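Enquirer: Next up, final14.txt (compact mmCIF, C-alpha atoms).
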# COMPACT_ATOMS: atom_id res chain seq x y z
CA MET A 821 128.54 74.04 170.10
CA ALA A 822 126.66 70.88 170.99
CA THR A 823 127.70 67.70 169.26
CA ASP A 824 125.50 64.70 168.59
CA PRO A 825 126.99 61.84 170.68
CA THR A 826 125.84 59.34 168.07
CA ARG A 827 127.70 61.05 165.21
CA ARG A 828 129.83 58.56 163.31
CA VAL A 829 133.40 59.06 162.22
CA ALA A 830 135.20 57.55 159.29
CA PRO A 831 137.45 54.59 160.09
CA SER A 832 141.16 55.46 160.20
CA GLY A 833 144.06 53.69 158.56
CA THR A 834 145.15 53.02 154.99
CA PRO A 835 145.45 49.62 153.30
CA GLY A 836 148.80 48.09 152.42
CA THR A 837 151.28 45.50 153.56
CA VAL A 838 153.18 47.88 155.83
CA GLN A 839 149.99 48.91 157.62
CA GLU A 840 148.90 45.28 157.93
CA GLU A 841 152.21 44.43 159.58
CA VAL A 842 151.87 47.39 161.96
CA ASP A 843 148.34 46.29 162.85
CA ARG A 844 149.62 42.79 163.60
CA LEU A 845 152.33 44.13 165.91
CA LEU A 846 149.97 46.52 167.69
CA GLU A 847 147.25 43.95 168.25
CA PRO A 848 148.25 43.14 171.88
CA GLY A 849 147.53 46.75 172.87
CA LEU A 850 149.31 48.88 175.45
CA GLY A 851 152.38 47.42 177.06
CA GLU A 852 153.48 47.60 180.68
CA HIS A 853 156.34 50.02 180.13
CA SER A 854 157.28 53.39 181.57
CA ILE A 855 157.84 56.73 179.88
CA ARG A 856 161.57 56.35 180.64
CA GLU A 857 161.66 53.16 178.59
CA LEU A 858 159.74 54.82 175.77
CA LEU A 859 162.08 57.81 175.61
CA GLY A 860 165.12 55.54 175.84
CA THR A 861 163.80 53.48 172.93
CA LEU A 862 163.06 56.57 170.86
CA LEU A 863 166.53 58.01 171.43
CA THR A 864 168.21 54.69 170.69
CA SER A 865 166.17 54.34 167.49
CA LEU A 866 167.08 57.86 166.40
CA GLY A 867 170.74 57.00 166.88
CA VAL A 868 170.35 53.84 164.81
CA ALA A 869 168.73 55.84 162.01
CA GLU A 870 171.58 58.39 162.12
CA ARG A 871 174.18 55.61 161.95
CA ARG A 872 172.37 54.03 159.01
CA ALA A 873 172.51 57.34 157.14
CA TYR A 874 176.20 57.80 158.08
CA LEU A 875 177.20 54.33 156.85
CA SER A 876 175.40 54.93 153.54
CA ARG A 877 177.70 57.92 153.01
CA VAL A 878 180.93 56.41 154.40
CA SER A 879 181.31 53.01 152.75
CA THR A 880 184.71 52.36 154.40
CA ASP A 881 183.25 52.31 157.92
CA LYS A 882 181.12 49.62 159.58
CA GLY A 883 178.68 49.42 162.47
CA ASN A 884 180.16 48.20 165.76
CA GLY A 885 177.36 47.51 168.22
CA PHE A 886 176.26 49.81 171.05
CA TYR A 887 177.32 51.14 174.42
CA ASP A 888 175.06 52.02 177.34
CA ARG A 889 174.60 55.60 178.50
CA SER A 890 172.47 57.29 181.15
CA LEU A 891 171.18 60.81 180.50
CA MET A 892 168.86 63.26 182.21
CA LEU A 893 165.74 64.50 180.46
CA GLY A 894 164.80 67.33 182.80
CA SER A 895 164.66 65.57 186.19
CA MET A 896 164.00 62.16 184.58
CA PRO A 897 166.89 59.70 184.14
CA VAL A 898 166.79 57.91 180.78
CA GLU A 899 168.80 54.82 179.85
CA LEU A 900 169.66 54.31 176.18
CA GLN A 901 172.01 52.40 173.91
CA VAL A 902 174.29 54.55 171.76
CA PRO A 903 175.21 53.03 168.36
CA ARG A 904 178.89 53.26 167.37
CA SER A 905 181.02 52.60 164.32
CA ARG A 906 184.22 50.60 163.94
CA SER A 907 186.36 53.67 163.22
CA GLY A 908 184.90 55.64 166.15
CA ALA A 909 184.17 58.59 163.85
CA PHE A 910 180.40 58.35 164.22
CA ARG A 911 178.47 59.98 167.06
CA PRO A 912 174.68 60.52 166.99
CA ARG A 913 173.71 64.17 166.70
CA SER A 914 170.64 63.42 168.82
CA LEU A 915 172.91 63.12 171.89
CA PRO A 916 173.70 66.17 174.03
CA PRO A 917 177.33 67.45 173.95
CA SER A 918 179.96 64.95 175.09
CA TYR A 919 180.38 66.26 178.62
CA ASP A 920 176.71 67.05 179.28
CA ARG A 921 174.44 64.51 180.97
CA GLY A 922 171.22 66.26 180.09
CA TYR A 923 169.30 67.51 177.10
CA SER A 924 168.53 71.12 176.30
CA ASP A 925 165.04 72.50 176.85
CA GLN A 926 164.52 72.54 173.08
CA THR A 927 165.34 68.83 172.76
CA GLN A 928 163.08 67.95 175.68
CA ALA A 929 160.23 69.89 174.08
CA LEU A 930 160.87 68.07 170.78
CA LEU A 931 160.72 64.63 172.40
CA LEU A 932 157.51 65.39 174.27
CA GLY A 933 156.11 66.98 171.11
CA LEU A 934 156.72 63.68 169.32
CA LEU A 935 154.41 61.96 171.80
CA THR A 936 151.67 64.61 171.61
CA SER A 937 151.67 65.21 167.85
CA ALA A 938 150.32 61.80 166.80
CA ARG A 939 146.55 61.33 166.79
CA SER A 940 146.88 58.17 168.90
CA VAL A 941 149.49 55.98 170.57
CA ASN A 942 149.10 53.42 167.80
CA ALA A 943 149.52 56.11 165.14
CA ALA A 944 152.78 57.22 166.78
CA LYS A 945 154.10 53.67 166.78
CA GLY A 946 152.99 53.17 163.18
CA ALA A 947 154.81 56.35 162.17
CA LEU A 948 158.00 55.10 163.84
CA LYS A 949 157.74 51.88 161.88
CA LYS A 950 157.30 53.66 158.54
CA MET A 951 160.16 56.06 159.26
CA GLY A 952 162.50 53.18 159.96
CA LEU A 953 163.02 54.34 163.56
CA SER A 954 161.62 51.18 165.10
CA SER A 955 162.57 47.70 164.02
CA SER A 956 161.18 45.23 166.53
CA GLU A 957 157.88 44.26 168.05
CA GLU A 958 159.27 45.00 171.51
CA GLU A 959 160.07 48.59 170.55
CA LEU A 960 156.63 49.11 169.04
CA GLU A 961 155.02 47.82 172.25
CA THR A 962 156.96 50.32 174.41
CA VAL A 963 154.27 52.92 175.19
CA ALA A 964 153.81 55.92 177.46
CA THR A 965 151.86 54.21 180.26
CA SER A 966 153.65 56.23 182.95
CA PHE A 967 151.89 59.40 181.86
CA ILE A 968 148.55 57.59 181.96
CA GLU A 969 149.37 56.21 185.40
CA GLU A 970 150.47 59.69 186.51
CA ILE A 971 146.97 61.03 185.83
CA GLU A 972 145.49 58.34 188.10
CA LEU A 973 148.10 58.97 190.82
CA ARG A 974 147.57 62.71 190.61
CA ASN A 975 143.91 62.19 191.57
CA THR A 976 144.67 59.98 194.57
CA ARG A 977 147.80 61.42 196.21
CA PRO A 978 147.41 63.02 199.67
CA LEU A 979 147.23 66.82 199.58
CA ASP A 980 148.54 69.55 201.87
CA PRO A 981 145.68 70.64 204.15
CA ASP A 982 146.31 74.34 203.50
CA VAL A 983 146.24 76.06 200.10
CA VAL A 984 146.15 79.78 199.34
CA ALA A 985 143.79 79.44 196.37
CA ILE A 986 142.24 76.87 194.08
CA PHE A 987 141.10 77.51 190.50
CA MET A 988 138.36 75.30 189.01
CA ASP A 989 137.06 74.87 185.48
CA GLY A 990 135.72 72.20 183.15
CA LYS A 991 136.78 71.48 179.56
CA TYR A 992 134.40 69.82 177.08
CA VAL A 993 135.98 67.37 174.60
CA GLU A 994 134.90 64.44 172.46
CA VAL A 995 136.42 60.96 172.58
CA ARG A 996 136.12 58.30 169.92
CA ASP A 997 134.31 55.17 171.07
CA GLY A 998 134.27 52.65 168.23
CA ASP A 999 132.74 54.47 165.28
CA ARG A 1000 131.03 57.14 167.38
CA LEU A 1001 132.03 60.27 169.26
CA ARG A 1002 131.16 60.49 172.94
CA PRO A 1003 131.06 63.77 174.93
CA CYS A 1004 133.44 64.04 177.86
CA CYS A 1005 134.23 66.75 180.42
CA ILE A 1006 137.66 67.20 181.98
CA TYR A 1007 137.37 68.66 185.50
CA VAL A 1008 140.55 70.53 186.43
CA VAL A 1009 141.51 71.98 189.82
CA VAL A 1010 144.78 73.93 190.11
CA GLY A 1011 146.15 74.98 193.49
CA LEU A 1012 148.23 78.02 194.41
CA CYS A 1013 150.16 76.59 197.32
CA ARG A 1014 151.53 78.48 200.32
CA ASP A 1015 155.02 78.39 198.83
CA GLY A 1016 153.71 80.17 195.73
CA LYS A 1017 153.94 77.08 193.49
CA ARG A 1018 151.16 76.23 191.04
CA ARG A 1019 150.19 72.55 191.11
CA VAL A 1020 147.41 70.53 189.51
CA LEU A 1021 145.48 69.03 192.42
CA SER A 1022 142.96 67.10 190.36
CA CYS A 1023 142.35 66.37 186.69
CA VAL A 1024 139.42 64.01 186.16
CA ALA A 1025 137.80 63.04 182.86
CA ARG A 1026 134.16 62.01 183.09
CA PRO A 1027 131.71 60.99 180.32
CA GLY A 1028 128.93 63.42 179.47
CA ARG A 1029 128.56 67.15 179.85
CA GLU A 1030 129.75 69.24 182.79
CA SER A 1031 127.49 68.50 185.76
CA LEU A 1032 127.08 69.59 189.35
CA GLU A 1033 127.13 66.00 190.62
CA GLU A 1034 130.54 65.42 189.08
CA TRP A 1035 131.87 68.63 190.63
CA LYS A 1036 130.62 67.39 194.01
CA THR A 1037 132.59 64.18 193.44
CA VAL A 1038 135.74 66.13 192.51
CA LEU A 1039 135.49 68.40 195.56
CA ARG A 1040 134.73 65.46 197.85
CA GLY A 1041 137.85 63.78 196.48
CA LEU A 1042 139.97 66.83 197.36
CA PHE A 1043 138.50 66.85 200.87
CA GLU A 1044 139.08 63.13 201.39
CA ARG A 1045 142.70 63.49 200.24
CA GLY A 1046 143.35 66.03 202.99
CA LEU A 1047 142.54 69.52 201.67
CA ARG A 1048 140.84 71.48 204.46
CA ARG A 1049 141.63 75.19 204.50
CA VAL A 1050 141.50 77.44 201.45
CA LEU A 1051 141.73 81.22 201.39
CA LEU A 1052 140.14 81.77 197.95
CA VAL A 1053 138.27 79.63 195.42
CA VAL A 1054 138.14 80.92 191.83
CA GLN A 1055 135.46 79.41 189.56
CA ASP A 1056 132.96 80.25 186.86
CA ASP A 1057 129.27 80.74 187.64
CA PHE A 1058 128.23 77.18 186.84
CA SER A 1059 124.70 76.63 188.13
CA GLY A 1060 124.67 75.42 191.75
CA LEU A 1061 128.47 75.23 192.10
CA LEU A 1062 128.76 78.29 194.34
CA GLY A 1063 126.70 76.67 197.11
CA VAL A 1064 128.57 73.37 196.84
CA VAL A 1065 131.95 75.09 197.18
CA LYS A 1066 130.81 77.03 200.25
CA GLY A 1067 129.64 73.76 201.76
CA PHE A 1068 133.12 72.22 201.49
CA PHE A 1069 135.11 75.38 202.28
CA PRO A 1070 132.83 77.64 204.36
CA LYS A 1071 135.57 80.13 205.35
CA ALA A 1072 136.94 80.57 201.83
CA ASP A 1073 136.19 83.60 199.67
CA VAL A 1074 134.65 82.60 196.34
CA GLN A 1075 135.62 84.63 193.29
CA LEU A 1076 133.43 84.24 190.21
CA CYS A 1077 135.51 84.62 187.07
CA ILE A 1078 135.38 88.17 185.73
CA VAL A 1079 136.24 87.00 182.21
CA HIS A 1080 133.26 84.63 182.17
CA MET A 1081 131.05 87.52 183.31
CA GLN A 1082 132.33 89.67 180.45
CA ARG A 1083 131.65 86.87 177.95
CA ASN A 1084 128.12 86.48 179.28
CA ALA A 1085 127.53 90.23 178.89
CA LYS A 1086 128.35 89.99 175.18
CA SER A 1087 125.54 87.46 174.72
CA HIS A 1088 122.98 89.36 176.86
CA LEU A 1089 123.65 92.96 175.88
CA GLY A 1090 123.46 94.78 172.57
CA LYS A 1091 126.69 95.48 170.72
CA ASP A 1092 127.15 99.09 171.84
CA ASP A 1093 126.03 98.38 175.39
CA ALA A 1094 128.36 95.38 175.60
CA ALA A 1095 131.31 97.58 174.57
CA GLU A 1096 130.47 100.09 177.30
CA PHE A 1097 130.01 97.26 179.79
CA GLN A 1098 133.55 95.99 179.06
CA LYS A 1099 135.05 99.45 179.61
CA ARG A 1100 133.29 99.82 182.95
CA VAL A 1101 134.47 96.36 184.07
CA ARG A 1102 138.06 97.31 183.23
CA CYS A 1103 137.71 100.31 185.52
CA ILE A 1104 136.39 98.10 188.31
CA LYS A 1105 139.32 95.71 187.92
CA ALA A 1106 141.72 98.66 188.25
CA ALA A 1107 140.01 100.06 191.38
CA TRP A 1108 142.52 100.73 194.16
CA ASP A 1109 140.06 99.95 196.96
CA LYS A 1110 137.25 97.44 197.49
CA ASP A 1111 134.72 100.14 198.39
CA VAL A 1112 135.62 102.13 195.28
CA GLY A 1113 135.20 98.99 193.17
CA ALA A 1114 131.85 98.24 194.82
CA GLY A 1115 130.63 101.75 194.03
CA GLN A 1116 131.66 101.43 190.39
CA PHE A 1117 129.93 98.04 190.23
CA GLU A 1118 126.68 99.63 191.46
CA GLN A 1119 127.00 102.39 188.89
CA LEU A 1120 127.43 99.74 186.17
CA CYS A 1121 124.31 97.91 187.36
CA ASP A 1122 122.29 101.14 187.51
CA ARG A 1123 123.38 101.98 183.95
CA PHE A 1124 122.02 98.74 182.42
CA ALA A 1125 119.27 97.66 184.86
CA GLY A 1126 116.50 99.29 182.85
CA ALA A 1127 117.33 97.57 179.56
CA TYR A 1128 118.50 94.22 180.94
CA PRO A 1129 116.77 93.67 184.31
CA SER A 1130 117.20 89.89 184.58
CA PHE A 1131 120.91 89.87 183.76
CA ILE A 1132 121.70 92.79 186.07
CA SER A 1133 119.62 91.27 188.89
CA GLU A 1134 121.80 88.15 188.79
CA LEU A 1135 124.97 90.25 188.85
CA ARG A 1136 123.77 92.19 191.90
CA LYS A 1137 122.97 88.99 193.80
CA LYS A 1138 126.57 87.83 193.35
CA ARG A 1139 128.32 91.18 193.61
CA ASP A 1140 130.52 90.15 196.55
CA HIS A 1141 131.71 87.09 194.65
CA TYR A 1142 132.58 89.10 191.55
CA LEU A 1143 134.55 91.59 193.67
CA ALA A 1144 136.28 89.22 196.11
CA PHE A 1145 139.65 89.73 194.35
CA LEU A 1146 139.74 93.38 195.49
CA GLN A 1147 140.50 92.20 199.05
CA TYR A 1148 143.88 90.88 197.96
CA PRO A 1149 147.25 92.52 197.16
CA ASP A 1150 147.16 94.72 194.09
CA ARG A 1151 149.94 92.78 192.33
CA VAL A 1152 147.95 89.53 192.21
CA ARG A 1153 144.40 90.84 191.75
CA ARG A 1154 144.47 90.19 188.03
CA SER A 1155 145.54 86.56 188.59
CA LEU A 1156 142.94 85.99 191.30
CA SER A 1157 139.99 87.48 189.39
CA THR A 1158 139.81 84.82 186.65
CA THR A 1159 140.18 81.10 186.01
CA ASN A 1160 142.98 81.83 183.50
CA LEU A 1161 145.34 79.53 185.42
CA VAL A 1162 143.17 76.58 184.41
CA GLU A 1163 142.76 78.06 180.92
CA ALA A 1164 146.51 77.51 180.43
CA ILE A 1165 145.75 73.78 180.55
CA ASN A 1166 142.51 74.05 178.59
CA GLY A 1167 144.30 76.01 175.88
CA GLN A 1168 146.88 73.26 175.42
CA LEU A 1169 144.12 70.65 175.31
CA GLU A 1170 142.29 72.68 172.67
CA ILE A 1171 145.42 72.69 170.49
CA LEU A 1172 145.79 68.93 170.93
CA ARG A 1173 142.09 68.44 170.14
CA ARG A 1174 142.34 70.41 166.91
CA ASN A 1175 145.55 68.65 165.89
CA ASN A 1176 143.80 65.31 166.46
CA GLY A 1177 141.00 66.14 164.03
CA GLY A 1178 138.63 67.65 166.60
CA TYR A 1179 138.45 64.70 169.01
CA PHE A 1180 140.65 62.23 170.90
CA GLN A 1181 141.12 58.77 169.43
CA SER A 1182 140.60 56.94 172.74
CA GLU A 1183 140.42 57.48 176.49
CA ASP A 1184 144.01 56.25 176.85
CA SER A 1185 145.18 58.71 174.19
CA MET A 1186 143.42 61.54 176.03
CA LYS A 1187 144.98 60.54 179.37
CA LEU A 1188 148.41 60.25 177.78
CA LYS A 1189 148.23 63.76 176.37
CA LEU A 1190 146.74 65.14 179.57
CA GLY A 1191 149.67 63.66 181.48
CA ILE A 1192 152.21 65.18 179.08
CA THR A 1193 150.49 68.58 179.21
CA LEU A 1194 150.37 68.71 183.01
CA SER A 1195 153.93 67.45 183.48
CA SER A 1196 155.25 69.89 180.86
CA LEU A 1197 153.58 72.81 182.64
CA GLU A 1198 154.70 71.87 186.15
CA ASN A 1199 158.26 71.03 185.08
CA GLY A 1200 158.51 73.96 182.69
CA LYS A 1201 156.54 77.20 182.81
CA TRP A 1202 155.26 76.60 186.36
CA ARG A 1203 158.61 75.51 187.79
CA HIS A 1204 159.31 79.03 189.03
CA ASN A 1205 156.90 81.37 190.78
CA THR A 1206 155.70 84.40 188.85
CA ALA A 1207 157.20 87.71 189.92
CA ALA A 1208 153.82 88.97 191.17
CA ILE A 1209 153.21 85.88 193.31
CA GLU A 1210 156.78 85.89 194.63
CA ARG A 1211 156.42 89.48 195.83
CA SER A 1212 152.98 88.87 197.35
CA ILE A 1213 153.21 85.39 198.86
CA ASP A 1214 154.06 86.69 202.36
CA GLN A 1215 150.99 88.95 202.32
CA LEU A 1216 148.80 86.08 201.10
CA ASN A 1217 150.09 83.83 203.87
CA ALA A 1218 149.46 86.56 206.43
CA LEU A 1219 145.85 86.81 205.21
CA PHE A 1220 145.58 83.02 205.43
CA GLU A 1221 146.85 82.93 209.02
CA ALA A 1222 144.62 85.81 210.09
CA ARG A 1223 141.54 83.99 208.82
CA TYR A 1224 142.37 80.59 210.27
CA GLU A 1225 144.27 81.59 213.43
CA GLY A 1226 143.05 79.88 216.55
CA GLU A 1227 142.13 76.67 214.72
CA SER A 1228 143.82 73.54 216.00
For this file, produce the structure as structure tokens.
Expert:
Amino acid sequence: MATDPTRRVAPSGTPGTVQEEVDRLLEPGLGEHSIRELLGTLLTSLGVAERRAYLSRVSTDKGNGFYDRSLMLGSMPVELQVPRSRSGAFRPRSLPPSYDRGYSDQTQALLLGLLTSARSVNAAKGALKKMGLSSSEEELETVATSFIEEIELRNTRPLDPDVVAIFMDGKYVEVRDGDRLRPCCIYVVVGLCRDGKRRVLSCVARPGRESLEEWKTVLRGLFERGLRRVLLVVQDDFSGLLGVVKGFFPKADVQLCIVHMQRNAKSHLGKDDAAEFQKRVRCIKAAWDKDVGAGQFEQLCDRFAGAYPSFISELRKKRDHYLAFLQYPDRVRRSLSTTNLVEAINGQLEILRRNNGGYFQSEDSMKLKLGITLSSLENGKWRHNTAAIERSIDQLNALFEARYEGES
């Protein structure tokens, strides 16, 4: 649904001496600190809060400073100070077991959730202050700039020249700019690499609605960073994008997202016809052979051409692009027929958007949460290849080599 870019939003914040003090401390803005420092500070502060609660229960014991400890949060080393008591009986429950140097997956998810749950970076720091988990200006100024920097680095790093497939889609969001909401589109490109790994190749936020010119800029950026040969490009049928993609990757197959086609059918066809259309598409997706699928596609077009000539005419023009996935191994056809790989990111962003009141508080807040989302996917769910990709990657690479063999 379109949103008026001049719509005003109510100012945030509540009056009071605590909030005034937080505002004073936050006035300098974002600090020059890394995510490691932020997590170290959070864990140290949690330990301090635990010791405070312990000492309130055990009046015979006293605090006795801190000792340094290095832990692993996934693949990230984190340095923190562990609070101790004079008797030695206190140990923070927020630490992993004594002989473990890393945190469990659940704890890692909790820590990253703490960063994503707040509506803004400033709100997260204000919450820490109110909870008693942060006691100094330095701690409040420790912010997640590494994730913001990671987004910038992700869009500039050199790329492998060869990729099995790329998946492209745009996500519309709104960002607060003063007392107004501004439209913004996040352009996401995910690559299926020749080792079967899924990696985000580009994630660019641009003001305004989704546009062809911005997609040209994104694709040009991929090309300039080294990407040259692609077996398959999966995208939606955004106006003009098909021709632009073929210009950059002339030997690549282009698959137009089947799911987007099914959604469009619901808006162009009557209710009963749309239901029949969906059933016929499911049969096409299950076709064992490309020629069989093409025949079923023609039957579908013949069935609805009389009642919906314009819509069916457009489908027929792009038939080969809707059926490109049928040229690939059966196990991965479902994955290669849609932009669902990008939707995994868009879905997380939609949850964050709703949790933030329907918009992002600032561009930095959006980049921070984008960085957390992408890193969480690549270091978590996407760390291992799917079973279907693992079993088919040799066939996909053979198709890649057959198409590009003889090139220097």
Enquirer: If you count all atoms listed in the file, which residues fall within 12 Å of A:Cys1077, apart from same-chain ones fewer than 4 positions away, as an MDAnalysis selection string?
Expert: chainID A and resid 987:989 1053:1058 1062 1081:1084 1105 1138:1139 1141:1145 1153:1163
Enquirer: Grab the residues selected above and save them as an mmCIF file, in the frame of the given file with C-alpha atoms.
Expert:
data_model
loop_
_atom_site.group_PDB
_atom_site.id
_atom_site.type_symbol
_atom_site.label_atom_id
_atom_site.label_comp_id
_atom_site.auth_asym_id
_atom_site.auth_seq_id
_atom_site.Cartn_x
_atom_site.Cartn_y
_atom_site.Cartn_z
ATOM 1 C CA PHE A 987 141.100 77.510 190.500
ATOM 2 C CA MET A 988 138.360 75.300 189.010
ATOM 3 C CA ASP A 989 137.060 74.870 185.480
ATOM 4 C CA VAL A 1053 138.270 79.630 195.420
ATOM 5 C CA VAL A 1054 138.140 80.920 191.830
ATOM 6 C CA GLN A 1055 135.460 79.410 189.560
ATOM 7 C CA ASP A 1056 132.960 80.250 186.860
ATOM 8 C CA ASP A 1057 129.270 80.740 187.640
ATOM 9 C CA PHE A 1058 128.230 77.180 186.840
ATOM 10 C CA LEU A 1062 128.760 78.290 194.340
ATOM 11 C CA MET A 1081 131.050 87.520 183.310
ATOM 12 C CA GLN A 1082 132.330 89.670 180.450
ATOM 13 C CA ARG A 1083 131.650 86.870 177.950
ATOM 14 C CA ASN A 1084 128.120 86.480 179.280
ATOM 15 C CA LYS A 1105 139.320 95.710 187.920
ATOM 16 C CA LYS A 1138 126.570 87.830 193.350
ATOM 17 C CA ARG A 1139 128.320 91.180 193.610
ATOM 18 C CA HIS A 1141 131.710 87.090 194.650
ATOM 19 C CA TYR A 1142 132.580 89.100 191.550
ATOM 20 C CA LEU A 1143 134.550 91.590 193.670
ATOM 21 C CA ALA A 1144 136.280 89.220 196.110
ATOM 22 C CA PHE A 1145 139.650 89.730 194.350
ATOM 23 C CA ARG A 1153 144.400 90.840 191.750
ATOM 24 C CA ARG A 1154 144.470 90.190 188.030
ATOM 25 C CA SER A 1155 145.540 86.560 188.590
ATOM 26 C CA LEU A 1156 142.940 85.990 191.300
ATOM 27 C CA SER A 1157 139.990 87.480 189.390
ATOM 28 C CA THR A 1158 139.810 84.820 186.650
ATOM 29 C CA THR A 1159 140.180 81.100 186.010
ATOM 30 C CA ASN A 1160 142.980 81.830 183.500
ATOM 31 C CA LEU A 1161 145.340 79.530 185.420
ATOM 32 C CA VAL A 1162 143.170 76.580 184.410
ATOM 33 C CA GLU A 1163 142.760 78.060 180.920
#
Enquirer: How big is the axis-aligned box around all listed atoms of stretch 1143-1148 of chain A once 5 Å goes on each side, and where's its centre, in Å to one decimal, as lines of an AutoDock Vina configuration file?
Expert:
center_x = 139.2
center_y = 91.3
center_z = 196.4
size_x = 19.3
size_y = 14.2
size_z = 15.4
Enquirer: Do you have the atom CA of A:Pro1149-atom CA of A:Leu1216 distance handy?
Expert: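 The value is 7.7 Å.
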Enquirer: Using only C-alpha atoms, find the one residue out of A:Arg1049, A:Arg1211, A:His1080, A:Arg906 that sits nearest to A:Val1152.
Expert: A:Arg1211
Enquirer: Would you mind reading off the distance between atom CA of A:Arg1151 and atom CA of A:Val1112, one decimal, in Å?
Expert: 17.4 Å
Enquirer: Go through A:Ala909, A:Glu994, A:Lys1099, A:Asp1073 one by one, measure the shortest atom-to-atom distance of each to A:Glu1170 using all atoms listed in the file, and give the residue with the smallest value.
Expert: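 Closest to A:Glu1170 of all the choices is A:Glu994.
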Enquirer: If you measure from atom CA of A:Leu1047 to atom CA of A:Asp1184, what distance in Å do you get, rounded to one decimal?
Expert: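 Between atom CA of A:Leu1047 and atom CA of A:Asp1184 the gap is 28.2 Å.
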Enquirer: At a cut-off of 6 Å, using only C-alpha atoms, what residues contact A:Val898? Leave out same-chain residues fewer than 3 positions from it and give the result as a short mmCIF file (atom, residue, chain, number, x, y, z; two decimals) with C-alpha atoms, in the frame of the given file.
Expert:
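Now in out-v2.cif:
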data_model
loop_
_atom_site.label_atom_id
_atom_site.label_comp_id
_atom_site.auth_asym_id
_atom_site.auth_seq_id
_atom_site.Cartn_x
_atom_site.Cartn_y
_atom_site.Cartn_z
CA ARG A 856 161.57 56.35 180.64
CA GLY A 860 165.12 55.54 175.84
CA SER A 890 172.47 57.29 181.15
CA LEU A 891 171.18 60.81 180.50
CA MET A 892 168.86 63.26 182.21
#
Enquirer: Given the choices A:Leu1194, A:Val1064, A:Met1186, A:Val1020, which gets closest to A:Leu1032 if the distance is worked out from all atoms listed in the file?
Expert: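 Checking each of A:Leu1194, A:Val1064, A:Met1186, A:Val1020 against A:Leu1032, counting all atoms listed in the file, the winner is A:Val1064.
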Enquirer: Find the spatial neighbours of A:Thr976, counting all atoms listed in the file, within a cut-off of 10 Å - ignore same-chain residues fewer than 5 positions away - and output them as a PyMOL selection string.
Expert: chain A and resi 970-971+1021-1022+1041-1042+1044-1045
Enquirer: Once you have the residues from the selection above, write them out as a PDB file, in the frame of the given file, restricted to C-alpha atoms.
Expert:
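Output saved as again.pdb:
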ATOM      1  CA  GLU A 970     150.470  59.690 186.510  1.00  0.00           C
ATOM      2  CA  ILE A 971     146.970  61.030 185.830  1.00  0.00           C
ATOM      3  CA  LEU A1021     145.480  69.030 192.420  1.00  0.00           C
ATOM      4  CA  SER A1022     142.960  67.100 190.360  1.00  0.00           C
ATOM      5  CA  GLY A1041     137.850  63.780 196.480  1.00  0.00           C
ATOM      6  CA  LEU A1042     139.970  66.830 197.360  1.00  0.00           C
ATOM      7  CA  GLU A1044     139.080  63.130 201.390  1.00  0.00           C
ATOM      8  CA  ARG A1045     142.700  63.490 200.240  1.00  0.00           C
TER       9      ARG A1045
END
Enquirer: Which residue out of A:Gln901, A:Ser907, A:Thr861, A:Ser1059 has the minimum interatomic distance to A:Thr880 when all atoms listed in the file are used?
Expert: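 Nearest to A:Thr880: A:Ser907.
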Enquirer: Please check which residues have atoms at most 8 Å from (144.3, 97.7, 194.0) in the file's coordinates, counting all atoms listed in the file, and write them as a list in words.
Expert: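 Applying the cut-off with all atoms listed in the file, one gets Ala1106, Ala1107, Trp1108, Asp1109, Lys1110, Leu1146, Tyr1148, Pro1149, Asp1150, Arg1151 and Arg1153 of chain A.
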Enquirer: Restrict the selected residues to C-alpha atoms and save them as an mmCIF file, in the coordinates of the input.
Expert:
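Writing the result to selection-v8.cif gives the following:
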data_model
loop_
_atom_site.group_PDB
_atom_site.id
_atom_site.type_symbol
_atom_site.label_atom_id
_atom_site.label_comp_id
_atom_site.auth_asym_id
_atom_site.auth_seq_id
_atom_site.Cartn_x
_atom_site.Cartn_y
_atom_site.Cartn_z
ATOM 1 C CA ALA A 1106 141.720 98.660 188.250
ATOM 2 C CA ALA A 1107 140.010 100.060 191.380
ATOM 3 C CA TRP A 1108 142.520 100.730 194.160
ATOM 4 C CA ASP A 1109 140.060 99.950 196.960
ATOM 5 C CA LYS A 1110 137.250 97.440 197.490
ATOM 6 C CA LEU A 1146 139.740 93.380 195.490
ATOM 7 C CA TYR A 1148 143.880 90.880 197.960
ATOM 8 C CA PRO A 1149 147.250 92.520 197.160
ATOM 9 C CA ASP A 1150 147.160 94.720 194.090
ATOM 10 C CA ARG A 1151 149.940 92.780 192.330
ATOM 11 C CA ARG A 1153 144.400 90.840 191.750
#
Enquirer: At a cut-off of 12 Å, using all atoms listed in the file, what residues contact A:Val984? Leave out same-chain residues fewer than 4 positions from it and give the result as number ranges by chain.
Expert: A: 980, 1010-1019, 1047-1054, 1072-1073, 1148, 1156, 1209, 1212-1221, 1223-1224
Enquirer: Please list as a PyMOL selection string every residue within 9 Å of A:Phe1131, counting all atoms listed in the file and excluding residues in the same chain fewer than 4 positions away.
Expert: chain A and resi 1085+1088-1089+1125+1135-1136
Enquirer: Out of A:Arg974, A:Phe1124, A:Lys991, A:Arg913, which residue has the shortest atom-to-atom distance to A:Gly1090 when counting all atoms listed in the file?
Expert: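 Between A:Arg974, A:Phe1124, A:Lys991, A:Arg913, the residue approaching A:Gly1090 most closely is A:Phe1124.
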